[in-house]
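See below for the structure under consideration.
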Amino acid sequence: MLGMEWKRLAHNMEEYLSVLLPLVREGTASHAGDTYSFHGNVDVDAAPVPVILAALAPRMLHLAGAEADGTATWMTGPQTLETHVVPSITKAAADAGRPAPRVLAALPVMVTDDPDGARERAESVFSIYGT
């Protein structure tokens, strides 16, 4: 977020979850931290929503499993999901006595009758990831 230090992302996320999770689960939160301070409640007549974090690093995967309801990845390959993401987040959830977390693997998909054009477009759009 604007003005936030990028050096302490996991710490900032941990504090953010200290506010967000009680709000969506119980309707009230009280937290005074280094990054966030909030004392209040929300009155919404709805079931709690799952909270999914974008996480790949060890500490963020720990938060996603131990505190949140799972993780969402983007263009993460099956080997990384199998050997790093799923075992890390599943262990964090189990250690915290929480149910198995969700792992959402987002991948780009295109339905087309022009495979060569699709490959050309994909190469253009995704070239940024190689830099």
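Following the order of the structure tokens, chains are lettered A, B, ..., residues in each are numbered from 1, and ligands are numbered from 1.
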Handout entry: Within 7 Å of Leu104 of chain A using only C-alpha atoms, minus same-chain residues under 4 positions, as a PyMOL selection string
Key = chain A and resi 71-73
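For segment 34-115 of chain A, the set of residues given strand (DSSP E or B) by DSSP on the backbone reads Ser37, Phe38, His39, Gly40, Asn41, Leu53, Ala54, Gly70, Thr71, Ala72, Thr73, Trp74, Arg102, Val103, Leu104, Ala105 and Ala106 of chain A.
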Quick one: write out the picked residues with N, CA, C and O atoms as a PDB file, in the first residue's frame?
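part11.pdb, freshly written:
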```
ATOM      1  N   SER A  37      -3.687  -0.052  13.229  1.00  0.00           N
ATOM      2  CA  SER A  37      -4.443   0.071  14.477  1.00  0.00           C
ATOM      3  C   SER A  37      -5.905   0.149  14.113  1.00  0.00           C
ATOM      4  O   SER A  37      -6.297   0.908  13.223  1.00  0.00           O
ATOM      5  N   PHE A  38      -6.707  -0.657  14.805  1.00  0.00           N
ATOM      6  CA  PHE A  38      -8.140  -0.683  14.540  1.00  0.00           C
ATOM      7  C   PHE A  38      -8.864  -1.192  15.771  1.00  0.00           C
ATOM      8  O   PHE A  38      -8.432  -2.165  16.389  1.00  0.00           O
ATOM      9  N   HIS A  39      -9.927  -0.520  16.125  1.00  0.00           N
ATOM     10  CA  HIS A  39     -10.792  -0.964  17.214  1.00  0.00           C
ATOM     11  C   HIS A  39     -12.213  -0.689  16.746  1.00  0.00           C
ATOM     12  O   HIS A  39     -12.598   0.459  16.570  1.00  0.00           O
ATOM     13  N   GLY A  40     -12.964  -1.742  16.467  1.00  0.00           N
ATOM     14  CA  GLY A  40     -14.323  -1.533  16.002  1.00  0.00           C
ATOM     15  C   GLY A  40     -14.996  -2.815  15.616  1.00  0.00           C
ATOM     16  O   GLY A  40     -14.501  -3.911  15.887  1.00  0.00           O
ATOM     17  N   ASN A  41     -16.148  -2.650  14.989  1.00  0.00           N
ATOM     18  CA  ASN A  41     -16.894  -3.825  14.574  1.00  0.00           C
ATOM     19  C   ASN A  41     -17.637  -3.530  13.279  1.00  0.00           C
ATOM     20  O   ASN A  41     -17.738  -2.384  12.863  1.00  0.00           O
ATOM     21  N   LEU A  53      -4.545 -15.811   0.933  1.00  0.00           N
ATOM     22  CA  LEU A  53      -3.381 -14.951   0.729  1.00  0.00           C
ATOM     23  C   LEU A  53      -2.618 -15.374  -0.509  1.00  0.00           C
ATOM     24  O   LEU A  53      -2.505 -16.562  -0.791  1.00  0.00           O
ATOM     25  N   ALA A  54      -2.048 -14.412  -1.207  1.00  0.00           N
ATOM     26  CA  ALA A  54      -1.077 -14.718  -2.250  1.00  0.00           C
ATOM     27  C   ALA A  54       0.234 -14.977  -1.516  1.00  0.00           C
ATOM     28  O   ALA A  54       0.778 -14.068  -0.885  1.00  0.00           O
ATOM     29  N   GLY A  70      -5.999 -20.249   3.140  1.00  0.00           N
ATOM     30  CA  GLY A  70      -5.274 -20.828   2.029  1.00  0.00           C
ATOM     31  C   GLY A  70      -4.444 -19.806   1.287  1.00  0.00           C
ATOM     32  O   GLY A  70      -4.274 -18.669   1.726  1.00  0.00           O
ATOM     33  N   THR A  71      -3.937 -20.227   0.132  1.00  0.00           N
ATOM     34  CA  THR A  71      -3.103 -19.364  -0.700  1.00  0.00           C
ATOM     35  C   THR A  71      -3.565 -19.412  -2.146  1.00  0.00           C
ATOM     36  O   THR A  71      -4.189 -20.391  -2.587  1.00  0.00           O
ATOM     37  N   ALA A  72      -3.247 -18.357  -2.865  1.00  0.00           N
ATOM     38  CA  ALA A  72      -3.477 -18.301  -4.313  1.00  0.00           C
ATOM     39  C   ALA A  72      -2.131 -18.037  -4.966  1.00  0.00           C
ATOM     40  O   ALA A  72      -1.394 -17.150  -4.545  1.00  0.00           O
ATOM     41  N   THR A  73      -1.809 -18.834  -5.958  1.00  0.00           N
ATOM     42  CA  THR A  73      -0.549 -18.655  -6.678  1.00  0.00           C
ATOM     43  C   THR A  73      -0.838 -18.223  -8.109  1.00  0.00           C
ATOM     44  O   THR A  73      -1.950 -18.400  -8.612  1.00  0.00           O
ATOM     45  N   TRP A  74       0.163 -17.680  -8.756  1.00  0.00           N
ATOM     46  CA  TRP A  74       0.029 -17.251 -10.150  1.00  0.00           C
ATOM     47  C   TRP A  74       1.210 -17.807 -10.922  1.00  0.00           C
ATOM     48  O   TRP A  74       2.371 -17.541 -10.596  1.00  0.00           O
ATOM     49  N   ARG A 102      -6.866 -24.222   1.460  1.00  0.00           N
ATOM     50  CA  ARG A 102      -7.053 -24.220   0.009  1.00  0.00           C
ATOM     51  C   ARG A 102      -5.763 -23.770  -0.660  1.00  0.00           C
ATOM     52  O   ARG A 102      -5.064 -22.894  -0.159  1.00  0.00           O
ATOM     53  N   VAL A 103      -5.466 -24.359  -1.801  1.00  0.00           N
ATOM     54  CA  VAL A 103      -4.367 -23.912  -2.645  1.00  0.00           C
ATOM     55  C   VAL A 103      -4.965 -23.663  -4.017  1.00  0.00           C
ATOM     56  O   VAL A 103      -5.389 -24.601  -4.695  1.00  0.00           O
ATOM     57  N   LEU A 104      -5.036 -22.394  -4.384  1.00  0.00           N
ATOM     58  CA  LEU A 104      -5.600 -22.005  -5.674  1.00  0.00           C
ATOM     59  C   LEU A 104      -4.449 -21.737  -6.631  1.00  0.00           C
ATOM     60  O   LEU A 104      -3.641 -20.843  -6.388  1.00  0.00           O
ATOM     61  N   ALA A 105      -4.350 -22.517  -7.673  1.00  0.00           N
ATOM     62  CA  ALA A 105      -3.274 -22.366  -8.645  1.00  0.00           C
ATOM     63  C   ALA A 105      -3.835 -21.691  -9.898  1.00  0.00           C
ATOM     64  O   ALA A 105      -4.535 -22.326 -10.684  1.00  0.00           O
ATOM     65  N   ALA A 106      -3.536 -20.422 -10.049  1.00  0.00           N
ATOM     66  CA  ALA A 106      -4.022 -19.663 -11.203  1.00  0.00           C
ATOM     67  C   ALA A 106      -3.025 -19.764 -12.347  1.00  0.00           C
ATOM     68  O   ALA A 106      -1.824 -19.563 -12.163  1.00  0.00           O
TER      69      ALA A 106
END
```
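Within 9 Å of segment 20-27 of chain A, once only C-alpha atoms are used and residues closer than 5 positions along the same chain are dropped, the contacting residues are A:Glu15, A:Gly40, A:Asn41, A:Val42, A:Asp43, A:Val44, A:Ala47, A:Pro48, A:Val49, A:Pro50, A:Val51, A:Glu67, A:Ala68.
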Can you spit out the residues from that selection as a PDB file, in the first residue's frame, using N, CA, C and O atoms?
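Heads up, here's the output in again.pdb:
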```pdb
ATOM      1  N   GLU A  15      -0.069  -8.374  10.838  1.00  0.00           N
ATOM      2  CA  GLU A  15      -0.875  -7.357  11.521  1.00  0.00           C
ATOM      3  C   GLU A  15      -2.211  -7.140  10.815  1.00  0.00           C
ATOM      4  O   GLU A  15      -3.242  -7.000  11.467  1.00  0.00           O
ATOM      5  N   GLY A  40     -12.964  -1.742  16.467  1.00  0.00           N
ATOM      6  CA  GLY A  40     -14.323  -1.533  16.002  1.00  0.00           C
ATOM      7  C   GLY A  40     -14.996  -2.815  15.616  1.00  0.00           C
ATOM      8  O   GLY A  40     -14.501  -3.911  15.887  1.00  0.00           O
ATOM      9  N   ASN A  41     -16.148  -2.650  14.989  1.00  0.00           N
ATOM     10  CA  ASN A  41     -16.894  -3.825  14.574  1.00  0.00           C
ATOM     11  C   ASN A  41     -17.637  -3.530  13.279  1.00  0.00           C
ATOM     12  O   ASN A  41     -17.738  -2.384  12.863  1.00  0.00           O
ATOM     13  N   VAL A  42     -18.114  -4.597  12.697  1.00  0.00           N
ATOM     14  CA  VAL A  42     -18.968  -4.522  11.518  1.00  0.00           C
ATOM     15  C   VAL A  42     -20.210  -5.346  11.808  1.00  0.00           C
ATOM     16  O   VAL A  42     -20.136  -6.361  12.500  1.00  0.00           O
ATOM     17  N   ASP A  43     -21.317  -4.898  11.299  1.00  0.00           N
ATOM     18  CA  ASP A  43     -22.566  -5.619  11.518  1.00  0.00           C
ATOM     19  C   ASP A  43     -23.110  -6.026  10.154  1.00  0.00           C
ATOM     20  O   ASP A  43     -23.835  -5.275   9.523  1.00  0.00           O
ATOM     21  N   VAL A  44     -22.693  -7.206   9.716  1.00  0.00           N
ATOM     22  CA  VAL A  44     -23.108  -7.725   8.421  1.00  0.00           C
ATOM     23  C   VAL A  44     -23.780  -9.068   8.652  1.00  0.00           C
ATOM     24  O   VAL A  44     -23.226  -9.939   9.322  1.00  0.00           O
ATOM     25  N   ALA A  47     -22.508 -15.022   6.176  1.00  0.00           N
ATOM     26  CA  ALA A  47     -21.547 -16.016   6.637  1.00  0.00           C
ATOM     27  C   ALA A  47     -20.127 -15.472   6.441  1.00  0.00           C
ATOM     28  O   ALA A  47     -19.886 -14.698   5.513  1.00  0.00           O
ATOM     29  N   PRO A  48     -19.202 -15.861   7.307  1.00  0.00           N
ATOM     30  CA  PRO A  48     -17.811 -15.426   7.121  1.00  0.00           C
ATOM     31  C   PRO A  48     -17.279 -15.860   5.760  1.00  0.00           C
ATOM     32  O   PRO A  48     -17.625 -16.938   5.263  1.00  0.00           O
ATOM     33  N   VAL A  49     -16.463 -15.025   5.168  1.00  0.00           N
ATOM     34  CA  VAL A  49     -15.866 -15.335   3.870  1.00  0.00           C
ATOM     35  C   VAL A  49     -14.479 -15.919   4.078  1.00  0.00           C
ATOM     36  O   VAL A  49     -13.788 -15.570   5.041  1.00  0.00           O
ATOM     37  N   PRO A  50     -14.050 -16.824   3.210  1.00  0.00           N
ATOM     38  CA  PRO A  50     -12.683 -17.334   3.332  1.00  0.00           C
ATOM     39  C   PRO A  50     -11.686 -16.229   2.981  1.00  0.00           C
ATOM     40  O   PRO A  50     -11.942 -15.394   2.125  1.00  0.00           O
ATOM     41  N   VAL A  51     -10.556 -16.254   3.665  1.00  0.00           N
ATOM     42  CA  VAL A  51      -9.482 -15.303   3.402  1.00  0.00           C
ATOM     43  C   VAL A  51      -8.318 -16.085   2.815  1.00  0.00           C
ATOM     44  O   VAL A  51      -7.776 -16.991   3.443  1.00  0.00           O
ATOM     45  N   GLU A  67      -3.218 -19.106   9.834  1.00  0.00           N
ATOM     46  CA  GLU A  67      -4.169 -18.041  10.164  1.00  0.00           C
ATOM     47  C   GLU A  67      -5.303 -17.912   9.147  1.00  0.00           C
ATOM     48  O   GLU A  67      -6.460 -17.805   9.524  1.00  0.00           O
ATOM     49  N   ALA A  68      -4.944 -17.880   7.877  1.00  0.00           N
ATOM     50  CA  ALA A  68      -5.940 -17.665   6.820  1.00  0.00           C
ATOM     51  C   ALA A  68      -6.495 -19.005   6.347  1.00  0.00           C
ATOM     52  O   ALA A  68      -6.279 -20.040   6.975  1.00  0.00           O
TER      53      ALA A  68
END
```
Practice task
Tell me which of A:Thr35, A:Thr76, A:Ser124, A:Thr90 sits closest to Leu107 of chain A, counting only C-alpha atoms.
Solution key: A:Thr76
Exercise for the section: Report the distance between atom CA of Ala10 of chain A and atom CA of Asp69 of chain A in Å, rounded to one decimal place. Expected result: 16.2 Å
Contacts of Asp95 of chain A at 10 Å (only C-alpha atoms; same-chain gap of 4+ positions) as a PDB file with C-alpha atoms, in the first residue's frame:
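Written output follows (part_33.pdb):
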```
ATOM      1  CA  HIS A  62       2.866 -20.184   7.262  1.00  0.00           C
ATOM      2  CA  GLY A  65      -2.056 -22.029   6.583  1.00  0.00           C
ATOM      3  CA  ALA A  66      -1.969 -21.147  10.278  1.00  0.00           C
ATOM      4  CA  ILE A  89       0.928 -24.570   3.967  1.00  0.00           C
ATOM      5  CA  THR A  90      -0.527 -27.939   4.986  1.00  0.00           C
ATOM      6  CA  LYS A  91       2.013 -28.332   7.798  1.00  0.00           C
TER       7      LYS A  91
END
```
Practice task
Identify, on the basis of only C-alpha atoms, every residue whose closest approach to Gly33 of chain A does not exceed 12 Å; exclude the query and any residue fewer than 6 positions from it along the same chain; express the result as a count of residues only.
Solution key: 10
Practice task
Apply DSSP to the structure's backbone, then extract all residues of chain A labelled alpha helix (DSSP H) and return them as a ChimeraX atom specification.
Solution key: /A:9-26,58-66,78-80,86-95,115-126
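If only C-alpha atoms are the atoms counted, then among A:Ala29, A:Ala96, A:Ala118, A:Ile128 the closest residue to Ala64 of chain A is A:Ala96.
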Practice task
Within 12 Å of segment 120-123 of chain A, counting only C-alpha atoms, which residues show up once you throw out same-chain ones fewer than 5 positions away? Write them as a PyMOL selection string, please.
Solution key: chain A and resi 108-110+112+114-115+128-130
